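Next up, target_16.tsv (TSV, C-alpha atoms):
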```tsv
chain	number	residue	atom	x	y	z
A	5	MET	CA	162.28	-166.35	-241.62
A	6	PHE	CA	160.67	-169.74	-242.09
A	7	LYS	CA	163.14	-170.49	-244.89
A	8	LEU	CA	166.02	-169.83	-242.51
A	9	ILE	CA	164.44	-172.13	-239.94
A	10	GLY	CA	164.09	-174.79	-242.66
A	11	LEU	CA	167.75	-174.47	-243.60
A	12	ILE	CA	168.81	-174.69	-239.95
A	13	ILE	CA	166.65	-177.82	-239.44
A	14	CYS	CA	168.20	-179.48	-242.53
A	15	VAL	CA	171.79	-178.67	-241.59
A	16	ALA	CA	171.27	-179.58	-237.93
A	17	SER	CA	169.70	-182.96	-238.67
A	18	ILE	CA	172.52	-183.92	-241.05
A	19	ALA	CA	175.16	-182.65	-238.58
A	20	VAL	CA	173.64	-184.55	-235.64
A	21	VAL	CA	173.49	-187.82	-237.60
A	22	ALA	CA	177.00	-187.33	-239.02
A	23	ASP	CA	178.36	-186.53	-235.57
A	24	ALA	CA	176.71	-189.61	-234.06
A	25	GLN	CA	178.34	-191.82	-236.66
A	26	GLY	CA	181.89	-190.73	-236.04
A	27	GLY	CA	182.34	-186.98	-236.43
A	28	VAL	CA	181.61	-184.40	-239.09
A	29	GLY	CA	185.28	-184.31	-240.13
A	30	MET	CA	184.96	-187.78	-241.62
A	31	TYR	CA	182.44	-186.41	-244.14
A	32	LEU	CA	184.62	-183.62	-245.50
A	33	ASP	CA	186.47	-184.11	-248.77
A	34	ILE	CA	187.62	-180.98	-250.59
A	35	PRO	CA	188.54	-182.63	-253.96
A	36	ALA	CA	185.06	-184.20	-254.15
A	37	LEU	CA	183.47	-180.79	-253.49
A	38	VAL	CA	185.65	-179.11	-256.11
A	39	LEU	CA	184.74	-181.78	-258.65
A	40	LEU	CA	181.02	-181.45	-257.91
A	41	PHE	CA	180.91	-177.66	-258.06
A	42	GLY	CA	183.32	-177.47	-260.99
A	43	ILE	CA	181.33	-179.83	-263.20
A	44	THR	CA	178.01	-178.28	-262.19
A	45	LEU	CA	179.24	-174.74	-262.82
A	46	ALA	CA	180.80	-175.70	-266.15
A	47	GLY	CA	177.61	-177.44	-267.29
A	48	MET	CA	175.55	-174.45	-266.18
A	49	ILE	CA	177.71	-172.02	-268.18
A	50	VAL	CA	177.72	-174.27	-271.25
A	51	GLY	CA	173.96	-174.81	-271.07
A	52	TYR	CA	172.65	-171.37	-270.12
A	53	GLY	CA	175.58	-168.89	-270.20
A	54	LYS	CA	174.75	-165.47	-268.77
A	55	GLN	CA	171.09	-166.37	-268.42
A	56	SER	CA	171.91	-168.60	-265.45
A	57	ILE	CA	172.65	-165.45	-263.37
A	58	TYR	CA	169.23	-164.09	-264.35
A	59	TYR	CA	167.51	-167.27	-263.17
A	60	PHE	CA	169.34	-167.19	-259.84
A	61	LYS	CA	168.28	-163.54	-259.42
A	62	LEU	CA	164.69	-164.58	-260.09
A	63	ALA	CA	164.81	-166.76	-256.99
A	64	GLY	CA	165.10	-163.64	-254.82
A	65	LYS	CA	162.23	-161.79	-256.49
A	66	ASP	CA	158.65	-161.81	-255.28
A	67	LYS	CA	157.11	-161.14	-258.67
A	68	ILE	CA	158.29	-163.43	-261.41
A	69	PRO	CA	157.19	-162.77	-265.00
A	70	SER	CA	154.79	-165.41	-266.24
A	71	LYS	CA	156.93	-166.17	-269.31
A	72	ASP	CA	159.91	-166.98	-267.08
A	73	LEU	CA	158.25	-169.61	-264.92
A	74	LEU	CA	158.68	-172.72	-267.07
A	75	PRO	CA	162.19	-171.79	-268.36
A	76	ALA	CA	163.27	-171.17	-264.74
A	77	LEU	CA	161.88	-174.52	-263.65
A	78	ASN	CA	163.68	-176.14	-266.59
A	79	PHE	CA	166.90	-174.39	-265.58
A	80	PHE	CA	166.78	-175.62	-261.98
A	81	ASN	CA	165.83	-179.13	-263.08
A	82	TYR	CA	168.84	-179.02	-265.39
A	83	ILE	CA	171.14	-177.94	-262.52
A	84	SER	CA	169.75	-180.74	-260.38
A	85	ARG	CA	170.46	-183.23	-263.15
A	86	LEU	CA	173.95	-181.76	-263.53
A	87	THR	CA	174.72	-182.48	-259.86
A	88	PHE	CA	173.57	-186.03	-260.52
A	89	TYR	CA	175.89	-186.37	-263.53
A	90	SER	CA	178.80	-184.76	-261.70
A	91	SER	CA	178.25	-187.14	-258.75
A	92	ILE	CA	178.49	-190.10	-261.14
A	93	CYS	CA	181.63	-188.66	-262.78
A	94	ALA	CA	183.28	-187.91	-259.42
A	95	PHE	CA	182.32	-191.36	-258.09
A	96	PHE	CA	183.93	-193.14	-261.03
A	97	ILE	CA	187.02	-190.90	-261.07
A	98	SER	CA	187.69	-191.51	-257.37
A	99	SER	CA	186.94	-195.25	-257.78
A	100	ILE	CA	189.48	-195.52	-260.60
A	101	VAL	CA	192.12	-193.62	-258.60
A	102	ILE	CA	191.54	-195.80	-255.55
A	103	LEU	CA	191.54	-199.12	-257.42
A	104	ILE	CA	194.74	-198.25	-259.28
A	105	ASN	CA	196.59	-197.11	-256.16
A	106	ILE	CA	195.41	-199.64	-253.59
A	107	SER	CA	198.21	-201.84	-252.29
A	108	GLU	CA	196.72	-203.32	-249.13
A	109	LEU	CA	193.30	-204.98	-249.11
A	110	THR	CA	192.43	-203.86	-245.58
A	111	MET	CA	192.51	-200.27	-246.82
A	112	LEU	CA	189.79	-200.97	-249.38
A	113	GLY	CA	186.87	-200.21	-247.00
A	114	PRO	CA	187.95	-196.69	-246.01
A	115	ALA	CA	189.00	-195.97	-249.59
A	116	ILE	CA	185.59	-196.97	-250.95
A	117	ALA	CA	183.94	-194.87	-248.23
A	118	MET	CA	185.57	-191.81	-249.76
A	119	THR	CA	183.95	-192.54	-253.13
A	120	LEU	CA	180.51	-192.51	-251.49
A	121	LEU	CA	181.10	-188.91	-250.41
A	122	ASN	CA	180.67	-187.74	-254.00
A	123	ILE	CA	177.15	-189.12	-254.09
A	124	ILE	CA	176.32	-187.68	-250.66
A	125	TYR	CA	177.44	-184.21	-251.77
A	126	GLY	CA	175.42	-184.49	-254.98
A	127	LEU	CA	172.28	-185.46	-253.05
A	128	ILE	CA	172.67	-182.68	-250.50
A	129	PHE	CA	173.42	-180.01	-253.11
A	130	SER	CA	170.55	-181.03	-255.35
A	131	PHE	CA	167.85	-181.61	-252.76
A	132	ILE	CA	168.67	-179.05	-250.09
A	133	ILE	CA	169.83	-176.16	-252.25
A	134	ILE	CA	168.64	-176.39	-255.86
A	135	GLN	CA	165.21	-178.02	-255.48
A	136	PRO	CA	164.01	-175.60	-252.73
A	137	ILE	CA	165.04	-172.63	-254.91
A	138	LYS	CA	163.03	-174.11	-257.78
A	139	HIS	CA	159.98	-174.69	-255.63
A	140	SER	CA	160.12	-171.21	-254.13
A	141	ILE	CA	160.10	-169.73	-257.66
A	142	LEU	CA	157.04	-171.81	-258.47
A	143	LEU	CA	155.34	-170.69	-255.26
A	144	ASN	CA	156.14	-166.99	-255.81
A	145	ARG	CA	154.78	-167.07	-259.36
A	146	LEU	CA	151.55	-168.77	-258.34
A	147	LYS	CA	151.12	-166.44	-255.36
A	148	ALA	CA	151.46	-163.44	-257.70
A	149	ASP	CA	148.82	-164.99	-259.99
A	150	ALA	CA	146.46	-165.54	-257.07
A	151	GLU	CA	146.91	-161.91	-255.94
A	152	ALA	CA	146.25	-160.64	-259.46
A	153	THR	CA	143.09	-162.74	-259.72
A	154	ALA	CA	141.89	-161.52	-256.33
A	155	SER	CA	142.48	-157.86	-257.26
A	156	THR	CA	140.58	-158.21	-260.59
A	157	GLN	CA	137.69	-159.89	-258.79
A	158	GLY	CA	137.71	-157.04	-256.24
A	159	LYS	CA	137.35	-154.51	-259.03
B	5	MET	CA	137.58	-190.43	-241.62
B	6	ASN	CA	138.80	-192.78	-244.38
B	7	LYS	CA	142.30	-191.36	-244.03
B	8	LEU	CA	142.30	-191.97	-240.30
B	9	ILE	CA	141.21	-195.59	-240.77
B	10	GLY	CA	143.84	-196.07	-243.47
B	11	TYR	CA	146.66	-194.67	-241.36
B	12	LEU	CA	145.47	-196.72	-238.39
B	13	PHE	CA	145.76	-199.83	-240.58
B	14	PHE	CA	149.29	-198.88	-241.61
B	15	ILE	CA	150.36	-198.33	-238.03
B	16	LEU	CA	148.66	-201.49	-236.75
B	17	THR	CA	150.20	-203.63	-239.51
B	18	PHE	CA	153.71	-202.42	-238.77
B	19	ALA	CA	153.20	-202.61	-235.00
B	20	ALA	CA	151.89	-206.19	-235.31
B	21	VAL	CA	154.83	-207.28	-237.47
B	22	LEU	CA	157.29	-205.63	-235.09
B	23	MET	CA	155.73	-207.18	-231.99
B	24	LEU	CA	155.11	-210.65	-233.39
B	25	ASN	CA	158.66	-211.07	-234.61
B	26	ASP	CA	160.42	-209.05	-231.94
B	27	TYR	CA	161.93	-206.84	-234.63
B	28	ALA	CA	161.40	-203.66	-232.60
B	29	SER	CA	164.84	-203.84	-231.01
B	30	PHE	CA	166.66	-203.43	-234.31
B	31	LEU	CA	164.10	-201.75	-236.56
B	32	ILE	CA	163.80	-198.63	-234.44
B	33	ASP	CA	166.57	-196.13	-234.98
B	34	LEU	CA	166.09	-192.63	-233.61
B	35	TYR	CA	168.89	-191.08	-235.66
B	36	SER	CA	167.30	-192.28	-238.90
B	37	LEU	CA	163.93	-190.89	-237.82
B	38	LEU	CA	165.57	-187.58	-236.96
B	39	LEU	CA	167.26	-187.40	-240.35
B	40	ILE	CA	164.11	-188.26	-242.33
B	41	PHE	CA	161.72	-185.94	-240.50
B	42	GLY	CA	164.35	-183.22	-240.05
B	43	LEU	CA	165.10	-183.15	-243.77
B	44	VAL	CA	161.48	-183.45	-244.88
B	45	PHE	CA	160.26	-180.62	-242.66
B	46	GLY	CA	163.42	-178.58	-243.19
B	47	VAL	CA	163.16	-178.78	-246.98
B	48	MET	CA	159.40	-178.13	-246.76
B	49	PHE	CA	159.95	-174.85	-244.88
B	50	LEU	CA	162.95	-173.98	-247.03
B	51	SER	CA	160.94	-174.39	-250.25
B	52	TYR	CA	157.51	-173.15	-249.29
B	53	GLY	CA	157.96	-171.04	-246.14
B	54	THR	CA	154.68	-170.35	-244.35
B	55	PHE	CA	152.69	-171.59	-247.35
B	56	ALA	CA	153.68	-175.13	-246.28
B	57	PHE	CA	150.92	-175.05	-243.65
B	58	SER	CA	148.21	-173.93	-246.03
B	59	ALA	CA	149.25	-176.43	-248.75
B	60	PHE	CA	147.80	-179.24	-246.67
B	61	LYS	CA	144.31	-177.79	-247.18
B	62	TYR	CA	144.33	-179.24	-250.72
B	63	ILE	CA	144.00	-182.73	-249.22
B	64	SER	CA	140.35	-182.10	-248.45
B	65	GLN	CA	139.60	-178.99	-250.51
B	66	PRO	CA	139.39	-179.58	-254.29
B	67	VAL	CA	141.78	-177.69	-256.56
B	68	THR	CA	139.93	-175.69	-259.18
B	69	SER	CA	142.63	-174.36	-261.49
B	70	GLN	CA	145.63	-175.73	-263.40
B	71	LYS	CA	147.98	-173.56	-261.35
B	72	GLU	CA	146.66	-174.77	-258.01
B	73	PHE	CA	146.88	-178.33	-259.30
B	74	PHE	CA	150.49	-177.81	-260.38
B	75	LEU	CA	151.39	-176.30	-257.01
B	76	ALA	CA	149.61	-178.91	-254.87
B	77	VAL	CA	150.95	-181.91	-256.82
B	78	SER	CA	154.46	-180.41	-256.89
B	79	PHE	CA	154.29	-179.82	-253.14
B	80	PHE	CA	153.43	-183.42	-252.27
B	81	ASP	CA	155.79	-184.79	-254.94
B	82	HIS	CA	158.57	-182.68	-253.49
B	83	LEU	CA	157.98	-183.96	-249.96
B	84	SER	CA	157.71	-187.55	-251.18
B	85	ASN	CA	160.95	-187.27	-253.16
B	86	THR	CA	162.72	-185.56	-250.28
B	87	ALA	CA	161.76	-188.39	-247.91
B	88	ILE	CA	163.25	-191.02	-250.26
B	89	ILE	CA	166.38	-188.96	-250.81
B	90	ALA	CA	166.74	-188.42	-247.05
B	91	GLY	CA	166.54	-192.20	-246.63
B	92	ILE	CA	169.24	-192.78	-249.24
B	93	LEU	CA	171.34	-190.05	-247.63
B	94	GLY	CA	171.01	-191.71	-244.22
B	95	THR	CA	172.03	-195.06	-245.72
B	96	LEU	CA	175.05	-193.54	-247.43
B	97	LEU	CA	176.14	-191.65	-244.28
B	98	ALA	CA	175.95	-194.89	-242.28
B	99	GLN	CA	177.72	-196.85	-245.04
B	100	LEU	CA	180.52	-194.32	-245.10
B	101	ALA	CA	180.95	-194.55	-241.33
B	102	LEU	CA	180.95	-198.34	-241.35
B	103	LEU	CA	183.35	-198.66	-244.28
B	104	SER	CA	185.75	-196.17	-242.71
B	105	ASN	CA	185.91	-198.06	-239.42
B	106	MET	CA	185.51	-201.68	-240.57
B	107	GLU	CA	188.31	-204.16	-239.94
B	108	THR	CA	186.80	-207.64	-240.30
B	109	LEU	CA	184.12	-209.13	-242.55
B	110	PRO	CA	181.65	-210.26	-239.79
B	111	GLU	CA	181.28	-206.62	-238.70
B	112	LEU	CA	179.98	-205.80	-242.14
B	113	PHE	CA	176.61	-207.61	-242.03
B	114	PRO	CA	174.92	-206.11	-238.91
B	115	ALA	CA	176.27	-202.66	-239.72
B	116	THR	CA	174.90	-202.92	-243.28
B	117	GLY	CA	171.52	-203.95	-241.88
B	118	ILE	CA	171.42	-200.92	-239.59
B	119	SER	CA	172.47	-198.62	-242.42
B	120	LEU	CA	169.47	-199.75	-244.48
B	121	ILE	CA	166.97	-198.76	-241.76
B	122	SER	CA	166.95	-195.11	-242.80
B	123	PHE	CA	166.15	-196.10	-246.38
B	124	ILE	CA	163.14	-198.10	-245.14
B	125	TYR	CA	161.96	-195.13	-243.09
B	126	GLY	CA	162.34	-192.76	-246.01
B	127	TYR	CA	160.50	-195.13	-248.32
B	128	LEU	CA	157.66	-195.66	-245.82
B	129	VAL	CA	157.22	-191.93	-245.20
B	130	SER	CA	157.26	-191.24	-248.92
B	131	LYS	CA	154.99	-194.00	-250.16
B	132	PHE	CA	152.60	-194.35	-247.22
B	133	ILE	CA	152.21	-190.73	-246.12
B	134	PHE	CA	152.89	-188.30	-248.96
B	135	GLU	CA	151.86	-190.43	-251.96
B	136	PRO	CA	148.33	-191.09	-250.60
B	137	LEU	CA	147.99	-187.36	-249.84
B	138	LYS	CA	148.99	-186.56	-253.42
B	139	GLN	CA	146.45	-189.06	-254.72
B	140	ASN	CA	143.81	-187.25	-252.65
B	141	VAL	CA	144.66	-184.00	-254.42
B	142	ILE	CA	144.44	-185.69	-257.84
B	143	ARG	CA	141.20	-187.48	-256.96
B	144	ASN	CA	139.50	-184.35	-255.65
B	145	ALA	CA	140.68	-182.08	-258.48
B	146	LYS	CA	137.90	-180.32	-260.35
B	147	ILE	CA	139.66	-179.42	-263.58
B	148	GLY	CA	138.63	-180.33	-267.11
B	149	ASN	CA	141.96	-181.55	-268.45
B	150	ILE	CA	145.54	-181.20	-267.27
B	151	ASN	CA	147.89	-179.09	-269.38
B	152	GLY	CA	150.48	-181.32	-271.11
B	153	LEU	CA	153.36	-179.01	-270.25
B	154	ILE	CA	152.45	-179.04	-266.56
B	155	GLN	CA	152.23	-182.84	-266.60
B	156	LEU	CA	155.65	-182.95	-268.27
B	157	HIS	CA	157.15	-180.83	-265.48
B	158	ILE	CA	155.57	-182.99	-262.79
B	159	ASP	CA	157.00	-186.11	-264.49
B	160	GLN	CA	160.44	-184.48	-264.82
B	161	ASN	CA	160.48	-183.72	-261.11
B	162	ASN	CA	159.91	-187.38	-260.38
B	163	SER	CA	162.49	-188.83	-262.73
B	164	LEU	CA	165.35	-187.08	-260.95
B	165	PRO	CA	165.03	-188.69	-257.50
B	166	ASN	CA	164.57	-192.08	-259.17
B	167	GLY	CA	167.95	-191.58	-260.83
B	168	PHE	CA	169.54	-190.62	-257.52
B	169	VAL	CA	168.04	-193.63	-255.74
B	170	LEU	CA	169.33	-195.97	-258.46
B	171	MET	CA	172.76	-194.36	-258.33
B	172	GLY	CA	172.93	-194.64	-254.52
B	173	PHE	CA	172.01	-198.29	-254.56
B	174	ALA	CA	174.31	-199.13	-257.45
B	175	ALA	CA	177.15	-197.55	-255.46
B	176	VAL	CA	176.30	-199.43	-252.27
B	177	ILE	CA	175.89	-202.81	-254.01
B	178	GLY	CA	179.01	-202.31	-256.15
B	179	ASN	CA	181.04	-201.53	-253.06
B	180	PHE	CA	179.86	-204.64	-251.29
B	181	VAL	CA	180.62	-206.90	-254.24
B	182	LEU	CA	184.11	-205.42	-254.32
B	183	LEU	CA	184.57	-205.79	-250.55
B	184	PHE	CA	183.29	-209.38	-250.41
B	185	SER	CA	185.51	-210.44	-253.27
B	186	SER	CA	188.53	-208.79	-251.65
B	187	PHE	CA	187.88	-210.39	-248.27
B	188	GLY	CA	187.41	-213.76	-249.93
B	189	SER	CA	190.83	-213.55	-251.47
B	190	MET	CA	192.52	-212.61	-248.18
```
Could I get this file's structure written as C-alpha cells?
Amino acid sequence: MFKLIGLIICVASIAVVADAQGGVGMYLDIPALVLLFGITLAGMIVGYGKQSIYYFKLAGKDKIPSKDLLPALNFFNYISRLTFYSSICAFFISSIVILINISELTMLGPAIAMTLLNIIYGLIFSFIIIQPIKHSILLNRLKADAEATASTQGK
Amino acid sequence: MNKLIGYLFFILTFAAVLMLNDYASFLIDLYSLLLIFGLVFGVMFLSYGTFAFSAFKYISQPVTSQKEFFLAVSFFDHLSNTAIIAGILGTLLAQLALLSNMETLPELFPATGISLISFIYGYLVSKFIFEPLKQNVIRNAKIGNINGLIQLHIDQNNSLPNGFVLMGFAAVIGNFVLLFSSFGSM
C-alpha cells in the first residue's frame, strides 16, 4: 500500500511540475522511449539472459534466498547503468540527427530540447523504477534475516 | 541536541544570505521544492514501504550488525542520491521547457537561472540533510570491521548518480555553447 502511495507521489510531483512548465505533452517522445527501452532490454538479455526474469520475480517475493541477494543487487545496478548508457546513446543519436537536418537557426532551441528528453527518461526509469526495486529486494532479504534471528533467539 | 543546533545553523546561514542580499524573491521556487520533496519521499516509500519510518531510528541508535549497517547506509545513500537526481531532473524539465519556447537570446539567461534552482535545492537536501544523517549512522556503528563486498556495493550505488549528474550537466552546458554560438552568428 505504501509503495503504491510512493509511486503516486512520484508520478504526481513530476506531472505537476511538467504541467506547470507548459504541459505534459511537451515531454512525450516515443522514439526516445523506444531507444531507451530497446537498448536497456537488449543489454539485459545479453548480460543476464533468462536469469533476468528470475531476478525480476525475486522483487515480488517476501523471502529471498541469501545467495541471491548480492547477484540481484548487481543485476539491478547493471540495469541502472544500462539506462545511463542508453540515455547517452540516445542523446548523441538525436543530437546527430538534429544537427545534420537543421536548416534554420531559430529552430535549434526546440530541437535541442528534444535531445534532453532522452536523459530525462533515463533518470526517471533508473531512479523511480529500477532503484526502488533493488532497495526493496535488499529490505526483504534483511527483514527475513531479522525474523530468522528473532525466531532462533525465541527458541 | 547537536543535530538541532547544526540544522539551526544551516537554516540561519541561508536565511541571512537570502535576507541580506534580497535573493529571496528569485531563490524560492515552490515547484522545485515540490519536485524534490515529492520525489524523495515518493521514492522512499516506493523502496522501503513502512520500514522508511523505522529506518530513521538508526540516526540515534547504533547499528550492531553488518546487515543493519548495509541497510541503514544504503537507505540514507539512496535518499541522498534521489535528492540530487530529482534536482537534475527539475533542471532538465525546466531547460526543456525554456528551450522549446525560447525565441530571443536575452530570454535565455533568467530562464536558465530559474532552471538551476531545483538543482541547488536537490544538492542542499542531499548534502546538508541526508549526508549528515548517514555520517551519524557510520559514526555510531558498533561493528568490528566492514565487509569488503558490502563496502563495494555501497560505493557502486554512489558512482551511478555521479555519472548521471555529470551527464546532465554536460548536456546542459553543451546545449548552451551550441545555442550561444548559433545566436552569435545570426
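For the residues A:Ser130, A:Ala115, A:Leu8, A:Phe80, ranking by smallest atom-to-atom distance to Ala101 in chain B using only C-alpha atoms places A:Ala115 first.
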- Query: Which residue, B:Glu107, B:Glu135, B:Asp81, B:Asp159, has the smallest gap to His139 in chain A when you use only C-alpha atoms?
  - Reply: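 When distances to His139 in chain A are compared using only C-alpha atoms, the smallest one comes from B:Asp81.
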- Item | Straight-line distance linking CA of Ala22 in chain A with CA of Asn105 in chain B, stated in Å to one decimal |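 Those two atoms sit 14.0 Å apart.
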Hey, which bits of chain B sit within 8 Å of chain A, and for each residue what's the closest pair of atoms and how far apart in Å (one decimal), counting all atoms listed in the file, rows by chain and increasing number, as CSV?
```
residue,atom,partner,partner_atom,distance
B:Tyr35,CA,A:Val21,CA,6.0
B:Ser36,CA,A:Val21,CA,7.7
B:Leu38,CA,A:Ser17,CA,6.4
B:Leu39,CA,A:Ser17,CA,5.3
B:Gly42,CA,A:Ser17,CA,5.5
B:Leu43,CA,A:Cys14,CA,5.0
B:Phe45,CA,A:Gly10,CA,7.0
B:Gly46,CA,A:Gly10,CA,3.9
B:Val47,CA,A:Gly10,CA,6.0
B:Met48,CA,A:Gly10,CA,7.1
B:Phe49,CA,A:Gly10,CA,4.7
B:Leu50,CA,A:Lys7,CA,4.1
B:Ser51,CA,A:Pro136,CA,4.1
B:Tyr52,CA,A:Ser140,CA,5.8
B:Gly53,CA,A:Phe6,CA,5.0
B:Thr54,CA,A:Phe6,CA,6.4
B:Lys71,CA,A:Leu146,CA,6.7
B:Glu72,CA,A:Leu146,CA,7.7
B:Leu75,CA,A:Leu143,CA,7.1
B:Thr86,CA,A:Phe131,CA,6.9
B:Ile89,CA,A:Leu127,CA,7.2
B:Leu93,CA,A:Ile124,CA,6.3
B:Leu96,CA,A:Ile124,CA,6.8
B:Leu97,CA,A:Ala22,CA,6.9
B:Ala98,CA,A:Gln25,CA,6.8
B:Gln99,CA,A:Ala117,CA,7.3
B:Leu100,CA,A:Ala117,CA,4.7
B:Ala101,CA,A:Gln25,CA,6.0
B:Leu103,CA,A:Gly113,CA,4.7
B:Ser104,CA,A:Pro114,CA,4.0
B:Asn105,CA,A:Pro114,CA,7.0
B:Met106,CA,A:Gly113,CA,6.7
B:Glu107,CA,A:Thr110,CA,7.0
B:Gln160,CA,A:Asn81,CA,7.8
B:Asn161,CA,A:Asn81,CA,7.3
B:Leu164,CA,A:Arg85,CA,6.8
B:Gly167,CA,A:Phe88,CA,7.9
B:Phe168,CA,A:Phe88,CA,6.8
B:Met171,CA,A:Ile92,CA,7.7
B:Gly172,CA,A:Ile123,CA,7.0
B:Ala175,CA,A:Leu120,CA,7.2
B:Asn179,CA,A:Ile116,CA,6.8
B:Leu183,CA,A:Gly113,CA,7.0
B:Ser186,CA,A:Leu109,CA,6.6
B:Phe187,CA,A:Leu109,CA,7.7
B:Met190,CA,A:Leu109,CA,7.7
```
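Of note, CA of Ala56 in chain B and CA of Ile9 in chain B are spaced 24.6 Å apart.
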- In Å to one decimal, how far is CA of Phe18 in chain B from CA of Gly91 in chain B?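 Between CA of Gly91 in chain B and CA of Phe18 in chain B the gap is 18.2 Å.
Of the residues listed (B:Phe184, B:Leu8, B:Ala145, B:Ser58), B:Phe184 shows the shortest atom-to-atom separation from Thr108 in chain B; distances use all atoms listed in the file.
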- Query: For Gln70 in chain B, which of B:Val169, B:Gln155, B:Ile142, B:Ile147 is the closest residue, counting only C-alpha atoms?
  - Reply: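 Under the stated criterion, the closest residue is B:Ile147.
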- Message: I need the residue nearest Val141 in chain B from this list: B:Leu102, B:Val44, B:Val67, B:Ala59. Use all atoms listed in the file for the distance.
- Response: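 The answer is B:Val67, which sits nearest to Val141 in chain B.
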Since the input lacks atoms, please generate N, CA and C atoms for range 8-28 of chain B and provide them as a short mmCIF file (atom, residue, chain, number, x, y, z; two decimals), keeping the file's coordinate frame.
```cif
data_model
loop_
_atom_site.label_atom_id
_atom_site.label_comp_id
_atom_site.auth_asym_id
_atom_site.auth_seq_id
_atom_site.Cartn_x
_atom_site.Cartn_y
_atom_site.Cartn_z
N LEU B 8 141.95 -191.56 -241.66
CA LEU B 8 142.30 -191.97 -240.30
C LEU B 8 142.32 -193.50 -240.21
N ILE B 9 141.29 -194.11 -240.80
CA ILE B 9 141.21 -195.59 -240.77
C ILE B 9 142.40 -196.17 -241.52
N GLY B 10 142.72 -195.58 -242.67
CA GLY B 10 143.84 -196.07 -243.47
C GLY B 10 145.15 -195.99 -242.71
N TYR B 11 145.40 -194.82 -242.10
CA TYR B 11 146.66 -194.67 -241.36
C TYR B 11 146.71 -195.59 -240.14
N LEU B 12 145.54 -195.79 -239.54
CA LEU B 12 145.47 -196.72 -238.39
C LEU B 12 145.87 -198.12 -238.83
N PHE B 13 145.41 -198.51 -240.04
CA PHE B 13 145.76 -199.83 -240.58
C PHE B 13 147.26 -199.95 -240.81
N PHE B 14 147.83 -198.90 -241.38
CA PHE B 14 149.29 -198.88 -241.61
C PHE B 14 150.03 -199.11 -240.30
N ILE B 15 149.64 -198.30 -239.31
CA ILE B 15 150.36 -198.33 -238.03
C ILE B 15 150.18 -199.70 -237.36
N LEU B 16 148.93 -200.20 -237.39
CA LEU B 16 148.66 -201.49 -236.75
C LEU B 16 149.43 -202.62 -237.43
N THR B 17 149.48 -202.58 -238.77
CA THR B 17 150.20 -203.63 -239.51
C THR B 17 151.67 -203.65 -239.10
N PHE B 18 152.28 -202.45 -239.10
CA PHE B 18 153.71 -202.42 -238.77
C PHE B 18 153.94 -202.78 -237.31
N ALA B 19 153.05 -202.30 -236.43
CA ALA B 19 153.20 -202.61 -235.00
C ALA B 19 153.07 -204.10 -234.77
N ALA B 20 152.10 -204.74 -235.47
CA ALA B 20 151.89 -206.19 -235.31
C ALA B 20 153.12 -206.96 -235.77
N VAL B 21 153.64 -206.58 -236.94
CA VAL B 21 154.83 -207.28 -237.47
C VAL B 21 156.01 -207.11 -236.51
N LEU B 22 156.17 -205.90 -236.00
CA LEU B 22 157.29 -205.63 -235.09
C LEU B 22 157.16 -206.45 -233.81
N MET B 23 155.92 -206.50 -233.28
CA MET B 23 155.73 -207.18 -231.99
C MET B 23 155.78 -208.69 -232.15
N LEU B 24 155.17 -209.19 -233.22
CA LEU B 24 155.11 -210.65 -233.39
C LEU B 24 156.50 -211.26 -233.59
N ASN B 25 157.35 -210.52 -234.30
CA ASN B 25 158.66 -211.07 -234.61
C ASN B 25 159.78 -210.52 -233.74
N ASP B 26 159.42 -209.68 -232.80
CA ASP B 26 160.42 -209.05 -231.94
C ASP B 26 161.48 -208.30 -232.75
N TYR B 27 161.01 -207.60 -233.78
CA TYR B 27 161.93 -206.84 -234.63
C TYR B 27 162.20 -205.45 -234.04
N ALA B 28 161.36 -205.06 -233.05
CA ALA B 28 161.40 -203.66 -232.60
C ALA B 28 162.80 -203.23 -232.16
#
```
